[in-house]
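Contents: one structure, followed by commentary.
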Amino acid sequence: MPKAHLTQAFVDKAGCEVGKNKTDYYDTTVTGFVLECRRGGGKTYYLKYTNQAGEQKQPKIGGVNDITFAAAKRRAQQLRSEVVMGGDPAAKKALVKSIPTYSELATKHLESFKGRKSYEDVESVIRVHILPRWGKTRLTDMNSRAVGQWLVEKRATGLAPASVEKIRVILGRSFVLGASWDIPGTQRNPARGIPRAPIRNARERFLTAEEAARLKEAVAASQNTQLQHIVGLLLLTGARLRELLDAEWKNIDIERRSWFIPDTKTKPRHVPLSTAALAIIEGLPRFKNCPWLLPNPDTKSPYVSIKGAWRTATKEANLPGLRLHDLRHSAASFMVNSGVDLFTVGKVLGHANVASTARYSHLANDVLLKAVEAAAAKQVAF
């Protein structure tokens, strides 16, 4: 165990002793500071010490060709100070290495989502947006400030506020899952505490009775024979498209005039079925050994998408820009304009909070105006 006053000059001349694979030179000024010289010519700086558990440790400081002698000695002094204060630099370094990258966490996140309806959406956001920026970053190096700045930059590229918020939520979900699995580095969620940009993408489009009639005529002529039934039930129930496409016969109770939706955006609910809705359901084609209410006749499975047939129908009905989700808004507007209170409308639609139904309050005001106008007309008559 040769000792030497390590200097730049000494390091330049030092070599492995003859007949050995390596020789360690211990510095006489910094306890534990070592220069390792190997038979092949390589030289590396280390700090050797014994931790509080009595274990011998030797964290690497750097290769002679990678770090200057002065920098290596300063680092050795820093590490030695940690040891004197009861620290364990090698354990600290090992812990850092044990922290996975976001890419590793994302893989586990997606594995847990396989088979879910949201899998493709989540996978796309992670692959397209999150991994290119954070994939190679260790989880502990991801903080709210850096993630927040990145999201601001995302918005600056023209990405819609709702899309940016979806990215934030999915990134945050990765850390929530990681924490539940005790993955190192996930205890602090970098997606939390970030100010959210206001989302003003709510779009209200309500069909008039005349437009609804044109639409029904167009979908009845569609090559997709199920489209007229889908559109009719969306208008009569206010259900979400995916809820209807995934509906099963076992959840339809004709006698009680009720449709049970077990898997919704908010929570399971029962949707009341009007006489008109029941008429559509009772006239639906049935397929042998097929549990779905409105399956694709070719595959006997739920439709993945009906966008093509929908675009054709809205073009025929001269309703450009009408979305399938607008049928849900229209169902609400027909209920409100018929005098149904907002609380009841919210219950039918399965809204989780009053704010979701509040968008229809101006329609309710129209009903109230008609009432006061009728009352005023009566008073004028006296």
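Just remember, in the structure tokens the first chain shown is A, the second B, etc., residues are 1-based per chain, and ligands are 1-based in the order shown.
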
*asked:* Can you pull out the residues contacting region 39-50 of chain A? Cut-off 9 Å, using only C-alpha atoms, and skip same-chain residues under 2 positions away; I want them as a ChimeraX atom specification.
replied: /A:11,14-23,31-37,52-65,69,72-73,76,79-80,83,88

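Scanning region 167-329 of chain A with DSSP on the backbone, the strand (DSSP E) assignments fall on Ile252, Asp253, Ser258, Trp259, Phe260, Ile261, Arg269, His270, Val271 and Pro272 of chain A.
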
Write the residues you've just listed into a file as a CSV table (one decimal), in the first residue's frame, and include all heavy atoms for each of them.
chain,number,residue,atom,x,y,z
A,252,ILE,N,-80.1,-3.5,-20.3
A,252,ILE,CA,-81.4,-2.8,-20.7
A,252,ILE,C,-82.5,-3.5,-20.0
A,252,ILE,O,-82.8,-4.7,-20.1
A,252,ILE,CB,-81.6,-2.9,-22.3
A,252,ILE,CG1,-80.4,-2.3,-23.0
A,252,ILE,CG2,-82.9,-2.2,-22.6
A,252,ILE,CD1,-80.3,-0.8,-22.8
A,253,ASP,N,-83.3,-2.7,-19.3
A,253,ASP,CA,-84.5,-3.2,-18.5
A,253,ASP,C,-85.7,-2.6,-19.2
A,253,ASP,O,-86.1,-1.5,-18.8
A,253,ASP,CB,-84.4,-2.9,-17.1
A,253,ASP,CG,-85.4,-3.6,-16.2
A,253,ASP,OD1,-86.5,-3.9,-16.8
A,253,ASP,OD2,-85.1,-3.9,-15.0
A,258,SER,N,-85.3,1.3,-18.2
A,258,SER,CA,-84.0,1.8,-17.7
A,258,SER,C,-82.8,1.2,-18.4
A,258,SER,O,-82.9,0.0,-18.7
A,258,SER,CB,-83.9,1.6,-16.2
A,258,SER,OG,-82.7,2.0,-15.7
A,259,TRP,N,-81.8,2.0,-18.6
A,259,TRP,CA,-80.5,1.5,-19.2
A,259,TRP,C,-79.4,1.7,-18.1
A,259,TRP,O,-79.2,2.9,-17.7
A,259,TRP,CB,-80.2,2.2,-20.5
A,259,TRP,CG,-78.8,2.1,-21.0
A,259,TRP,CD1,-78.0,1.1,-20.8
A,259,TRP,CD2,-78.1,3.0,-21.8
A,259,TRP,NE1,-76.8,1.3,-21.4
A,259,TRP,CE2,-76.9,2.5,-22.1
A,259,TRP,CE3,-78.5,4.2,-22.4
A,259,TRP,CZ2,-75.9,3.2,-22.9
A,259,TRP,CZ3,-77.6,4.9,-23.2
A,259,TRP,CH2,-76.3,4.4,-23.4
A,260,PHE,N,-78.8,0.7,-17.7
A,260,PHE,CA,-77.7,0.8,-16.7
A,260,PHE,C,-76.4,0.9,-17.4
A,260,PHE,O,-76.1,0.1,-18.2
A,260,PHE,CB,-77.7,-0.4,-15.7
A,260,PHE,CG,-76.6,-0.4,-14.8
A,260,PHE,CD1,-76.4,0.6,-13.9
A,260,PHE,CD2,-75.6,-1.5,-14.8
A,260,PHE,CE1,-75.3,0.6,-13.0
A,260,PHE,CE2,-74.6,-1.5,-13.9
A,260,PHE,CZ,-74.4,-0.4,-13.0
A,261,ILE,N,-75.6,1.9,-17.1
A,261,ILE,CA,-74.3,2.1,-17.7
A,261,ILE,C,-73.3,1.9,-16.6
A,261,ILE,O,-73.1,2.8,-15.7
A,261,ILE,CB,-74.2,3.6,-18.3
A,261,ILE,CG1,-75.3,3.8,-19.3
A,261,ILE,CG2,-72.8,3.7,-18.9
A,261,ILE,CD1,-75.2,5.2,-19.9
A,269,ARG,N,-74.4,4.7,-13.6
A,269,ARG,CA,-75.7,5.4,-13.5
A,269,ARG,C,-76.8,4.6,-14.3
A,269,ARG,O,-76.5,3.8,-15.2
A,269,ARG,CB,-75.6,6.8,-14.0
A,269,ARG,CG,-75.5,7.0,-15.5
A,269,ARG,CD,-75.4,8.5,-15.8
A,269,ARG,NE,-75.6,8.8,-17.2
A,269,ARG,CZ,-74.6,8.7,-18.1
A,269,ARG,NH1,-73.4,8.3,-17.8
A,269,ARG,NH2,-74.9,9.0,-19.4
A,270,HIS,N,-78.0,4.9,-14.0
A,270,HIS,CA,-79.2,4.4,-14.7
A,270,HIS,C,-79.8,5.6,-15.6
A,270,HIS,O,-80.0,6.7,-15.1
A,270,HIS,CB,-80.2,3.9,-13.7
A,270,HIS,CG,-79.9,2.7,-13.0
A,270,HIS,ND1,-80.1,1.4,-13.5
A,270,HIS,CD2,-79.2,2.5,-11.9
A,270,HIS,CE1,-79.7,0.5,-12.7
A,270,HIS,NE2,-79.1,1.1,-11.7
A,271,VAL,N,-80.0,5.3,-16.8
A,271,VAL,CA,-80.5,6.3,-17.7
A,271,VAL,C,-82.0,5.9,-18.0
A,271,VAL,O,-82.2,4.8,-18.5
A,271,VAL,CB,-79.7,6.4,-19.1
A,271,VAL,CG1,-80.4,7.3,-20.0
A,271,VAL,CG2,-78.3,6.8,-18.8
A,272,PRO,N,-82.9,6.8,-17.8
A,272,PRO,CA,-84.3,6.5,-18.1
A,272,PRO,C,-84.6,6.5,-19.6
A,272,PRO,O,-84.0,7.2,-20.3
A,272,PRO,CB,-85.1,7.7,-17.4
A,272,PRO,CG,-84.1,8.8,-17.4
A,272,PRO,CD,-82.8,8.1,-17.2

*Which one of A:Thr7, A:Thr107, A:Val152, A:Ile167 sits closest to Ala71 (chain A) if you count only C-alpha atoms?*
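With only C-alpha atoms as the atom set, the closest residue is A:Thr7.
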
*Rounded to one decimal in Å, what is the spacing between CA of Leu319 (chain A) and CA of Leu235 (chain A)?*
15.5 Å

Could you give me, as a Markdown table, a per-residue list for region 186-260 of chain A showing, wherever an atom lies at most 6 Å from an atom of region 304-317 of chain A, the closest pair of atoms and their distance in Å to one decimal, using only C-alpha atoms and sorting by chain then residue number from low to high?
| residue | atom | partner | partner_atom | distance |
| --- | --- | --- | --- | --- |
| A:Arg214 | CA | A:Ala317 | CA | 5.4 |
| A:Leu215 | CA | A:Ala317 | CA | 5.3 |
| A:Ala218 | CA | A:Ala313 | CA | 5.2 |
| A:Val219 | CA | A:Ala313 | CA | 5.5 |

*Suppose you want the space between CA of Ile281 (chain A) and CA of Ala331 (chain A); what is it in Å?*
17.4 Å

With the cut-off set at 7 Å and counting only C-alpha atoms, tabulate each residue of region 69-165 of chain A with an atom at most that distance from an atom of region 188-193 of chain A, showing the nearest atom pair and its distance in Å to one decimal, ordered by chain and increasing number, as a Markdown table.
| residue | atom | partner | partner_atom | distance |
| --- | --- | --- | --- | --- |
| A:Met142 | CA | A:Pro190 | CA | 6.2 |
| A:Asn143 | CA | A:Pro190 | CA | 4.6 |
| A:Ser144 | CA | A:Pro190 | CA | 4.3 |
| A:Val147 | CA | A:Pro190 | CA | 6.6 |

Keeping N, CA and C atoms for every residue in the selection just given, could you write it to a file as a PDB file, in the first residue's frame?
ATOM      1  N   MET A 142     -36.532  15.450 -12.311  1.00  0.00           N
ATOM      2  CA  MET A 142     -37.729  16.090 -12.857  1.00  0.00           C
ATOM      3  C   MET A 142     -38.405  16.872 -11.729  1.00  0.00           C
ATOM      4  N   ASN A 143     -38.498  18.185 -11.874  1.00  0.00           N
ATOM      5  CA  ASN A 143     -39.119  19.004 -10.831  1.00  0.00           C
ATOM      6  C   ASN A 143     -40.223  19.876 -11.423  1.00  0.00           C
ATOM      7  N   SER A 144     -41.035  20.432 -10.563  1.00  0.00           N
ATOM      8  CA  SER A 144     -42.201  21.209 -11.007  1.00  0.00           C
ATOM      9  C   SER A 144     -41.805  22.418 -11.843  1.00  0.00           C
ATOM     10  N   VAL A 147     -40.787  21.098 -15.375  1.00  0.00           N
ATOM     11  CA  VAL A 147     -41.956  20.560 -16.073  1.00  0.00           C
ATOM     12  C   VAL A 147     -42.932  21.682 -16.418  1.00  0.00           C
TER      13      VAL A 147
END

_DSSP helix (DSSP H, G or I) residues within region 24-181 of chain A, listed as a VMD selection string_ = chain A and resid 69 to 84 89 to 98 102 to 113 119 to 134 139 to 141 144 to 156 161 to 180

*Rank A:Asn51, A:Thr275, A:Thr186, A:Thr299 by their smallest atom-to-atom distance to Ser174 (chain A), using only C-alpha atoms, and report the top residue only.*
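Of A:Asn51, A:Thr275, A:Thr186, A:Thr299, the one nearest Ser174 (chain A) is A:Thr186, counting only C-alpha atoms.
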
*In Å, how far is it from CA of Val345 (chain A) to CA of Ala247 (chain A)?*
20.9 Å

*Quick one: residues within 12 Å of Lys97 (chain A), only C-alpha atoms counted, chain neighbours fewer than 6 positions away excluded, as an NGL selection string?*
:A and (90-91 or 137-140 or 184-185)

Those same residues - N, CA and C atoms - I'd like them written as a compact mmCIF listing (two decimals), in the first residue's frame.
# COMPACT_ATOMS: atom_id res chain seq x y z
N ALA A 90 -20.63 6.57 -1.16
CA ALA A 90 -20.83 5.44 -2.08
C ALA A 90 -22.30 5.01 -2.08
N ALA A 91 -22.91 4.98 -0.89
CA ALA A 91 -24.32 4.61 -0.80
C ALA A 91 -25.19 5.64 -1.49
N THR A 137 -34.42 11.09 -18.62
CA THR A 137 -34.18 11.84 -17.38
C THR A 137 -34.51 10.99 -16.16
N ARG A 138 -33.62 11.00 -15.16
CA ARG A 138 -33.90 10.30 -13.92
C ARG A 138 -35.04 11.01 -13.20
N LEU A 139 -35.88 10.23 -12.55
CA LEU A 139 -37.10 10.77 -11.94
C LEU A 139 -36.82 11.88 -10.95
N THR A 140 -35.75 11.76 -10.19
CA THR A 140 -35.43 12.79 -9.19
C THR A 140 -34.94 14.09 -9.83
N PRO A 184 -38.38 4.09 -6.57
CA PRO A 184 -37.57 5.21 -6.09
C PRO A 184 -37.68 6.42 -7.02
N GLY A 185 -37.79 7.60 -6.42
CA GLY A 185 -37.83 8.83 -7.21
C GLY A 185 -39.22 9.32 -7.55
